[in-house]
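Asks: This is target-v7.tsv, which holds TSV, C-alpha atoms:
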```tsv
chain	number	residue	atom	x	y	z
A	1	MET	CA	0.00	0.00	0.00
A	2	ILE	CA	2.82	2.39	0.84
A	3	TRP	CA	4.47	1.65	-2.52
A	4	TRP	CA	1.27	2.62	-4.37
A	5	ALA	CA	1.16	5.92	-2.49
A	6	VAL	CA	4.87	6.54	-3.19
A	7	LEU	CA	4.56	5.81	-6.92
A	8	GLY	CA	1.16	7.48	-7.38
A	9	GLY	CA	2.24	10.53	-5.41
A	10	GLY	CA	5.54	10.73	-7.30
A	11	VAL	CA	3.94	10.55	-10.74
A	12	GLY	CA	1.14	12.90	-9.69
A	13	CYS	CA	3.51	15.54	-8.31
A	14	TYR	CA	5.54	15.40	-11.54
A	15	LEU	CA	2.41	15.86	-13.66
A	16	LEU	CA	1.39	18.86	-11.52
A	17	LYS	CA	4.76	20.47	-12.29
A	18	LEU	CA	4.55	19.62	-16.00
A	19	ALA	CA	1.00	20.97	-16.19
A	20	GLY	CA	2.19	24.33	-14.90
A	21	LEU	CA	4.83	24.57	-17.62
A	22	SER	CA	2.44	23.38	-20.35
A	23	VAL	CA	-1.02	24.84	-19.69
A	24	PRO	CA	-1.74	28.28	-21.18
A	25	GLU	CA	-1.59	30.83	-18.39
A	26	SER	CA	-5.18	32.02	-18.92
A	27	VAL	CA	-6.59	28.61	-17.90
A	28	LEU	CA	-5.33	28.76	-14.32
A	29	ALA	CA	-4.65	32.44	-13.79
A	30	ARG	CA	-8.08	33.30	-12.39
A	31	PRO	CA	-7.68	35.21	-9.13
A	32	TRP	CA	-9.62	32.70	-7.00
A	33	VAL	CA	-7.49	29.80	-8.26
A	34	ALA	CA	-4.32	31.70	-7.43
A	35	ARG	CA	-5.72	32.50	-3.95
A	36	VAL	CA	-6.62	28.90	-3.20
A	37	VAL	CA	-3.30	27.50	-4.46
A	38	ASP	CA	-1.50	30.17	-2.42
A	39	LEU	CA	-3.33	29.07	0.75
A	40	ILE	CA	-2.96	25.29	0.26
A	41	PRO	CA	0.57	24.99	1.66
A	42	VAL	CA	-0.24	27.34	4.56
A	43	ALA	CA	-3.32	25.40	5.68
A	44	LEU	CA	-1.95	21.91	5.09
A	45	LEU	CA	1.44	22.54	6.72
A	46	ALA	CA	-0.24	24.11	9.76
A	47	ALA	CA	-2.62	21.13	10.08
A	48	LEU	CA	0.33	18.76	9.70
A	49	VAL	CA	2.25	20.55	12.49
A	50	SER	CA	-0.71	20.22	14.82
A	51	VAL	CA	-1.42	16.54	14.08
A	52	GLN	CA	2.24	15.60	14.11
A	53	VAL	CA	2.85	17.17	17.52
A	54	LEU	CA	-0.41	16.44	19.33
A	55	SER	CA	-1.74	13.07	18.13
A	56	ALA	CA	-0.81	9.58	19.27
A	57	PRO	CA	-2.26	6.14	18.53
A	58	ASP	CA	-5.04	5.11	20.94
A	59	PRO	CA	-4.98	1.59	22.45
A	60	ASP	CA	-8.43	0.91	20.90
A	61	GLY	CA	-7.16	1.68	17.39
A	62	GLY	CA	-8.04	5.35	16.90
A	63	GLN	CA	-6.06	8.49	17.59
A	64	ARG	CA	-6.05	10.77	20.60
A	65	LEU	CA	-4.54	14.09	21.69
A	66	VAL	CA	-1.50	13.99	24.00
A	67	LEU	CA	0.96	16.53	25.36
A	68	ASP	CA	4.47	15.08	25.49
A	69	ALA	CA	8.10	15.91	24.66
A	70	ARG	CA	7.12	16.76	21.09
A	71	VAL	CA	5.45	19.98	22.29
A	72	ALA	CA	8.73	21.06	23.88
A	73	GLY	CA	10.45	20.20	20.61
A	74	LEU	CA	8.02	22.43	18.71
A	75	GLY	CA	8.55	25.25	21.20
A	76	THR	CA	12.29	24.95	20.58
A	77	ALA	CA	11.63	25.15	16.84
A	78	VAL	CA	9.63	28.37	17.30
A	79	VAL	CA	12.45	29.98	19.27
A	80	LEU	CA	15.04	28.91	16.67
A	81	LEU	CA	12.88	30.19	13.80
A	82	VAL	CA	12.43	33.56	15.53
A	83	LEU	CA	16.23	33.66	15.83
A	84	ARG	CA	16.41	32.98	12.05
A	85	ALA	CA	18.26	29.69	12.44
A	86	PRO	CA	18.65	27.61	9.24
A	87	PHE	CA	16.31	24.69	8.52
A	88	LEU	CA	18.63	21.91	9.69
A	89	VAL	CA	19.38	23.66	12.98
A	90	VAL	CA	15.65	24.05	13.66
A	91	VAL	CA	14.93	20.38	12.96
A	92	VAL	CA	17.92	19.02	14.87
A	93	GLY	CA	17.33	21.41	17.78
A	94	ALA	CA	13.70	20.29	18.15
A	95	ALA	CA	14.72	16.62	18.04
A	96	ALA	CA	17.51	17.16	20.56
A	97	VAL	CA	15.25	18.84	23.12
A	98	ALA	CA	12.60	16.12	22.79
A	99	ALA	CA	15.22	13.38	23.08
A	100	LEU	CA	16.79	15.05	26.11
A	101	LEU	CA	13.43	15.35	27.91
A	102	ARG	CA	12.71	11.67	27.29
A	103	ALA	CA	16.15	10.63	28.49
A	104	LEU	CA	15.75	12.48	31.83
B	1	MET	CA	29.09	44.13	-14.93
B	2	THR	CA	29.83	41.90	-17.92
B	3	ALA	CA	27.47	39.13	-19.03
B	4	ARG	CA	29.96	36.52	-17.90
B	5	ALA	CA	30.29	38.05	-14.43
B	6	ASP	CA	26.48	38.14	-14.23
B	7	ARG	CA	26.32	34.44	-15.00
B	8	ARG	CA	29.01	33.64	-12.46
B	9	GLY	CA	27.13	35.54	-9.79
B	10	VAL	CA	23.89	33.69	-10.52
B	11	VAL	CA	25.68	30.32	-10.51
B	12	ARG	CA	27.36	31.11	-7.17
B	13	ASP	CA	24.10	32.17	-5.48
B	14	SER	CA	22.22	29.20	-6.93
B	15	LEU	CA	24.84	26.71	-5.76
B	16	GLY	CA	24.67	28.22	-2.28
B	17	VAL	CA	20.92	27.64	-2.13
B	18	GLY	CA	21.40	24.21	-3.71
B	19	VAL	CA	23.89	23.04	-1.10
B	20	ALA	CA	21.87	24.41	1.85
B	21	THR	CA	18.66	22.76	0.61
B	22	GLY	CA	20.28	19.52	-0.51
B	23	LEU	CA	21.83	18.97	2.91
B	24	TYR	CA	18.50	18.81	4.66
B	25	GLY	CA	17.66	15.77	2.59
B	26	VAL	CA	19.39	14.02	5.49
B	27	SER	CA	16.53	15.02	7.81
B	28	PHE	CA	13.94	13.77	5.32
B	29	GLY	CA	15.73	10.44	4.99
B	30	ALA	CA	15.90	9.92	8.75
B	31	VAL	CA	12.33	11.10	9.36
B	32	ALA	CA	10.82	8.95	6.58
B	33	VAL	CA	12.49	5.78	7.81
B	34	GLY	CA	11.45	6.68	11.37
B	35	SER	CA	7.86	6.99	10.09
B	36	GLY	CA	7.91	3.40	8.89
B	37	LEU	CA	8.92	3.74	5.22
B	38	SER	CA	11.63	1.43	3.90
B	39	VAL	CA	14.95	2.83	2.69
B	40	ALA	CA	13.90	2.05	-0.91
B	41	GLN	CA	10.53	3.83	-0.49
B	42	THR	CA	12.25	6.82	1.08
B	43	CYS	CA	14.75	7.11	-1.79
B	44	ALA	CA	12.01	6.57	-4.40
B	45	LEU	CA	10.13	9.55	-2.93
B	46	SER	CA	13.14	11.85	-3.22
B	47	LEU	CA	13.87	10.64	-6.74
B	48	LEU	CA	10.31	10.64	-8.16
B	49	MET	CA	8.29	13.12	-6.10
B	50	PHE	CA	11.20	15.52	-5.52
B	51	THR	CA	9.33	18.27	-3.72
B	52	GLY	CA	10.20	18.49	-0.04
B	53	ALA	CA	6.97	19.51	1.66
B	54	SER	CA	4.98	16.81	-0.16
B	55	GLN	CA	7.54	14.18	0.76
B	56	PHE	CA	7.50	15.16	4.45
B	57	ALA	CA	3.68	15.16	4.33
B	58	LEU	CA	3.43	11.63	2.96
B	59	ALA	CA	5.91	10.32	5.52
B	60	GLY	CA	4.24	12.33	8.32
B	61	VAL	CA	0.74	11.01	7.64
B	62	VAL	CA	1.97	7.41	7.34
B	63	GLY	CA	4.06	7.84	10.51
B	64	ALA	CA	1.02	9.13	12.44
B	65	GLY	CA	-0.81	5.92	11.52
B	66	GLY	CA	-2.79	7.31	8.60
B	67	ALA	CA	-3.70	5.49	5.40
B	68	PRO	CA	-0.96	5.77	2.75
B	69	LEU	CA	-3.55	7.06	0.28
B	70	ALA	CA	-4.47	9.91	2.65
B	71	GLY	CA	-0.75	10.70	2.77
B	72	MET	CA	-0.65	10.67	-1.02
B	73	ALA	CA	-3.64	13.02	-1.26
B	74	THR	CA	-1.98	15.48	1.14
B	75	ALA	CA	1.26	15.27	-0.86
B	76	LEU	CA	-0.55	15.97	-4.14
B	77	LEU	CA	-2.41	18.98	-2.70
B	78	LEU	CA	0.88	20.41	-1.46
B	79	GLY	CA	2.41	19.71	-4.88
B	80	ALA	CA	-0.23	21.88	-6.55
B	81	ARG	CA	1.76	25.02	-5.72
B	82	ASN	CA	4.41	23.83	-8.20
B	83	THR	CA	1.76	24.16	-10.93
B	84	LEU	CA	1.51	27.88	-10.18
B	85	TYR	CA	5.30	28.18	-10.22
B	86	GLY	CA	5.21	26.54	-13.66
B	87	LEU	CA	2.75	29.11	-14.94
B	88	ARG	CA	5.11	31.89	-13.94
B	89	MET	CA	8.23	30.14	-15.20
B	90	ALA	CA	6.97	28.89	-18.59
B	91	PRO	CA	7.25	32.19	-20.50
B	92	LEU	CA	10.50	33.01	-18.72
B	93	LEU	CA	12.25	29.71	-19.53
B	94	GLY	CA	10.70	29.26	-22.97
B	95	TRP	CA	11.41	25.52	-23.30
B	96	ARG	CA	9.37	23.04	-25.36
B	97	GLY	CA	9.42	19.28	-25.98
B	98	TRP	CA	11.84	17.12	-24.00
B	99	ARG	CA	13.55	20.15	-22.43
B	100	ARG	CA	10.26	21.23	-20.89
B	101	ALA	CA	9.53	17.67	-19.73
B	102	ALA	CA	12.96	17.46	-18.08
B	103	ALA	CA	12.77	20.96	-16.57
B	104	ALA	CA	9.41	20.09	-14.97
B	105	HIS	CA	11.11	17.60	-12.66
B	106	VAL	CA	13.26	20.28	-11.02
B	107	LEU	CA	10.43	22.86	-10.83
B	108	ILE	CA	10.35	23.46	-7.06
B	109	ASP	CA	10.28	26.33	-4.53
B	110	GLU	CA	14.01	27.04	-4.66
B	111	SER	CA	14.63	26.77	-8.42
B	112	THR	CA	11.68	29.11	-9.02
B	113	ALA	CA	12.89	31.60	-6.41
B	114	MET	CA	16.42	31.68	-7.89
B	115	ALA	CA	15.14	32.27	-11.45
B	116	VAL	CA	12.01	34.36	-11.26
B	117	ASN	CA	13.54	37.81	-10.84
B	118	ARG	CA	16.45	37.50	-13.31
B	119	PRO	CA	16.70	40.04	-16.09
B	120	GLY	CA	16.41	38.00	-19.28
B	121	ARG	CA	15.91	34.39	-20.31
B	122	ASP	CA	19.57	33.39	-20.22
B	123	LEU	CA	20.13	34.26	-16.55
B	124	ALA	CA	16.72	32.83	-15.58
B	125	ARG	CA	17.68	29.50	-17.17
B	126	VAL	CA	21.10	29.51	-15.49
B	127	GLY	CA	19.54	30.18	-12.06
B	128	PHE	CA	16.78	27.62	-12.56
B	129	LEU	CA	19.03	24.79	-13.79
B	130	THR	CA	21.94	25.39	-11.40
B	131	THR	CA	19.61	25.46	-8.39
B	132	GLY	CA	17.37	22.61	-9.58
B	133	ILE	CA	20.11	20.19	-10.60
B	134	SER	CA	22.36	20.82	-7.59
B	135	ILE	CA	19.40	20.20	-5.26
B	136	LEU	CA	18.32	17.10	-7.23
B	137	VAL	CA	21.77	15.53	-6.84
B	138	LEU	CA	22.41	16.52	-3.21
B	139	TRP	CA	18.84	15.97	-1.96
B	140	ASN	CA	18.88	12.38	-3.24
B	141	ALA	CA	22.38	11.64	-1.95
B	142	PHE	CA	21.57	13.02	1.51
B	143	THR	CA	18.18	11.28	1.60
B	144	LEU	CA	19.98	7.95	1.20
B	145	LEU	CA	22.48	8.93	3.89
B	146	GLY	CA	19.71	9.97	6.31
B	147	ALA	CA	17.66	6.84	5.58
B	148	LEU	CA	20.61	4.53	6.26
B	149	ALA	CA	21.46	6.43	9.44
B	150	GLY	CA	17.79	6.37	10.52
B	151	GLU	CA	17.65	2.63	10.01
B	152	ALA	CA	20.82	2.10	12.03
B	153	ILE	CA	19.78	4.05	15.14
B	154	GLY	CA	16.86	1.90	16.33
B	155	ASP	CA	13.80	3.54	17.97
B	156	PRO	CA	13.45	6.97	16.31
B	157	ARG	CA	11.65	8.35	19.38
B	158	ASP	CA	14.81	8.02	21.49
B	159	TYR	CA	16.38	10.60	19.20
B	160	GLY	CA	13.34	12.88	19.09
B	161	LEU	CA	12.81	12.19	15.39
B	162	ASP	CA	9.02	12.32	15.87
B	163	ALA	CA	9.44	15.87	17.19
B	164	ALA	CA	11.70	16.67	14.24
B	165	VAL	CA	8.80	16.10	11.81
B	166	GLY	CA	6.61	18.77	13.40
B	167	ALA	CA	9.58	21.15	13.48
B	168	ALA	CA	10.25	20.49	9.78
B	169	PHE	CA	6.63	21.32	8.87
B	170	LEU	CA	6.78	24.50	10.94
B	171	ALA	CA	10.07	25.56	9.31
B	172	LEU	CA	8.54	25.04	5.85
B	173	LEU	CA	5.46	27.02	6.90
B	174	TRP	CA	7.27	29.88	8.68
B	175	PRO	CA	8.30	32.09	5.71
B	176	ARG	CA	4.73	31.97	4.36
B	177	LEU	CA	3.18	33.37	7.55
B	178	ARG	CA	4.32	36.92	6.83
B	179	GLU	CA	1.80	37.40	4.03
B	180	PRO	CA	-1.50	39.01	5.02
B	181	GLY	CA	-4.17	36.60	6.21
B	182	HIS	CA	-1.88	33.58	6.18
B	183	ALA	CA	-1.32	33.39	9.95
B	184	ARG	CA	-5.11	33.40	10.47
B	185	VAL	CA	-5.59	30.50	8.04
B	186	ALA	CA	-2.70	28.58	9.62
B	187	LEU	CA	-4.12	28.92	13.16
B	188	LEU	CA	-7.59	27.87	11.98
B	189	ALA	CA	-6.19	24.81	10.19
B	190	ALA	CA	-4.05	23.80	13.18
B	191	ALA	CA	-6.98	24.15	15.62
B	192	LEU	CA	-9.46	22.26	13.41
B	193	ALA	CA	-6.97	19.45	12.80
B	194	ALA	CA	-6.38	18.98	16.54
B	195	LEU	CA	-10.15	18.99	17.18
B	196	ALA	CA	-10.67	16.34	14.49
B	197	VAL	CA	-7.93	13.99	15.74
B	198	PRO	CA	-10.02	12.01	18.29
B	199	PHE	CA	-13.03	11.66	15.98
B	200	THR	CA	-11.59	10.75	12.56
B	201	PRO	CA	-9.20	8.10	11.21
B	202	ALA	CA	-5.54	9.17	11.07
B	203	GLY	CA	-4.70	11.08	7.90
B	204	LEU	CA	-8.14	12.68	7.58
B	205	PRO	CA	-7.77	15.56	10.09
B	206	VAL	CA	-5.11	17.19	7.88
B	207	LEU	CA	-7.23	17.00	4.73
B	208	LEU	CA	-10.41	18.08	6.53
B	209	ALA	CA	-8.90	20.98	8.43
B	210	GLY	CA	-6.78	22.04	5.47
B	211	GLY	CA	-9.81	22.07	3.18
B	212	VAL	CA	-12.01	24.10	5.52
B	213	ALA	CA	-9.24	26.61	6.32
B	214	ILE	CA	-8.46	27.12	2.62
B	215	LEU	CA	-12.14	27.75	1.84
B	216	VAL	CA	-12.56	30.22	4.70
B	217	GLY	CA	-9.29	31.96	3.83
B	218	ALA	CA	-10.12	32.24	0.14
B	219	LEU	CA	-13.60	33.62	0.88
B	220	LEU	CA	-12.27	36.22	3.32
B	221	ALA	CA	-9.42	37.21	0.98
B	222	GLY	CA	-11.89	37.42	-1.88
B	223	ARG	CA	-13.92	40.00	0.03
B	224	SER	CA	-10.98	42.13	1.11
B	225	HIS	CA	-9.25	41.89	-2.29
B	226	ALA	CA	-12.28	42.93	-4.33
B	227	PRO	CA	-11.09	44.82	-7.40
B	228	PRO	CA	-10.86	48.57	-6.76
B	229	PRO	CA	-13.39	50.74	-8.59
B	230	GLU	CA	-12.14	51.89	-11.96
B	231	VAL	CA	-10.76	55.38	-12.06
B	232	ALA	CA	-11.10	57.46	-15.21
B	233	PRO	CA	-7.69	58.29	-16.68
```
Now that the file is in, can you turn its structure into structure tokens?
Replies:
Amino acid sequence: MIWWAVLGGGVGCYLLKLAGLSVPESVLARPWVARVVDLIPVALLAALVSVQVLSAPDPDGGQRLVLDARVAGLGTAVVLLVLRAPFLVVVVGAAAVAALLRAL
Amino acid sequence: MTARADRRGVVRDSLGVGVATGLYGVSFGAVAVGSGLSVAQTCALSLLMFTGASQFALAGVVGAGGAPLAGMATALLLGARNTLYGLRMAPLLGWRGWRRAAAAHVLIDESTAMAVNRPGRDLARVGFLTTGISILVLWNAFTLLGALAGEAIGDPRDYGLDAAVGAAFLALLWPRLREPGHARVALLAAALAALAVPFTPAGLPVLLAGGVAILVGALLAGRSHAPPPEVAP
């Protein structure tokens, strides 16, 4: 199942790029299309942050909300981003703080 | 400045962005393997999908226990922004046939950013190709490195790799928050996704919350960005 998602997602993402280079500009250049496409990464990335940091598998099979070391990791990321640290420093810093809290 | 010096400057800047971006392929490799993807699946994503946010999304949804197809849907939605980049780049690059088909693969955030403001087609192509190809090579090499390292270290949670995923999403989101209205949409999406977590299967909260926040954001922006009344010349 994961392979299908990897291959389908890979081919699909390539076709999305190719479409942009091939489709006449007038087809997609309507203001509302531009607005929606502009907001897609903002909304999806924000939702991904929240789910990634707050959700955990439930014993009965579903998902539930938990507060654990990941929240501290995200807080570290915020501080590093405000300080304009580069991407890798932000990611490694968040991981290090979470790992440290768990090791204590 | 001479034309040759111009080209050299563009190549130097593009390589700088290429190296910085390519290096963080190591974090994708480690995170994807920690999320339960095999080394081969992780490398296939970097080779075929080759657009960072979508790759992190697919791995993130699968890692959180979501259906792989929900991960794929999230990845495709995130990949849609590359279509808009293509619309802007097509007249600037002016490629057709196999050149266009090949260029499409390296049409990403960074290659667009390093080409879009160049004066003239020649410098735009130099910026686009230098950035795109250097990232393609380094991103894939460092993905493999990260995946092998991730596989070797055992439980990814001991190293905080699960916290690294959220930090990676936030770092990708951060530069976009400065634009008007974006922070509002981001907060709405994050809150809705958290609310949906206990009530929906894994993978769905992201799509649900993302969809609602995009609709609300587009409607609000549509009202505030109504075209100004025409002024007689």
Asks: Name the residues within 9 Å of (-0.5, 18.3, 16.0), counting all atoms listed in the file in the file's coordinates, and put them as JSON, numbers by chain.
Replies: {"A": [46, 47, 48, 49, 50, 51, 52, 53, 54, 55, 65, 71], "B": [166, 190, 191, 193, 194, 197]}
Asks: Could you tell me which residues of chain A sit within 7 Å of chain B when counting only C-alpha atoms, and give me the result as a PyMOL selection string?
Replies: chain A and resi 1-3+5-6+9-14+16-21+25+35-53+55+62-65+70+73-74+77+87-88+90-92+94-96+98-99
Asks: Hey, can you check how far atom CA of B:Ala32 sits from atom CA of B:Ala141?
Replies: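 Spanning atom CA of B:Ala32 to atom CA of B:Ala141 is a straight-line distance of 14.6 Å.
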Asks: Distance atom CA of B:Leu129-atom CA of A:Val23, one decimal place?
Replies: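 Between atom CA of B:Leu129 and atom CA of A:Val23 the gap works out to 20.9 Å.
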Asks: Atom CA of B:Phe128 and atom CA of B:Gly22 are how many Å apart?
Replies: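 A separation of 14.9 Å between them.
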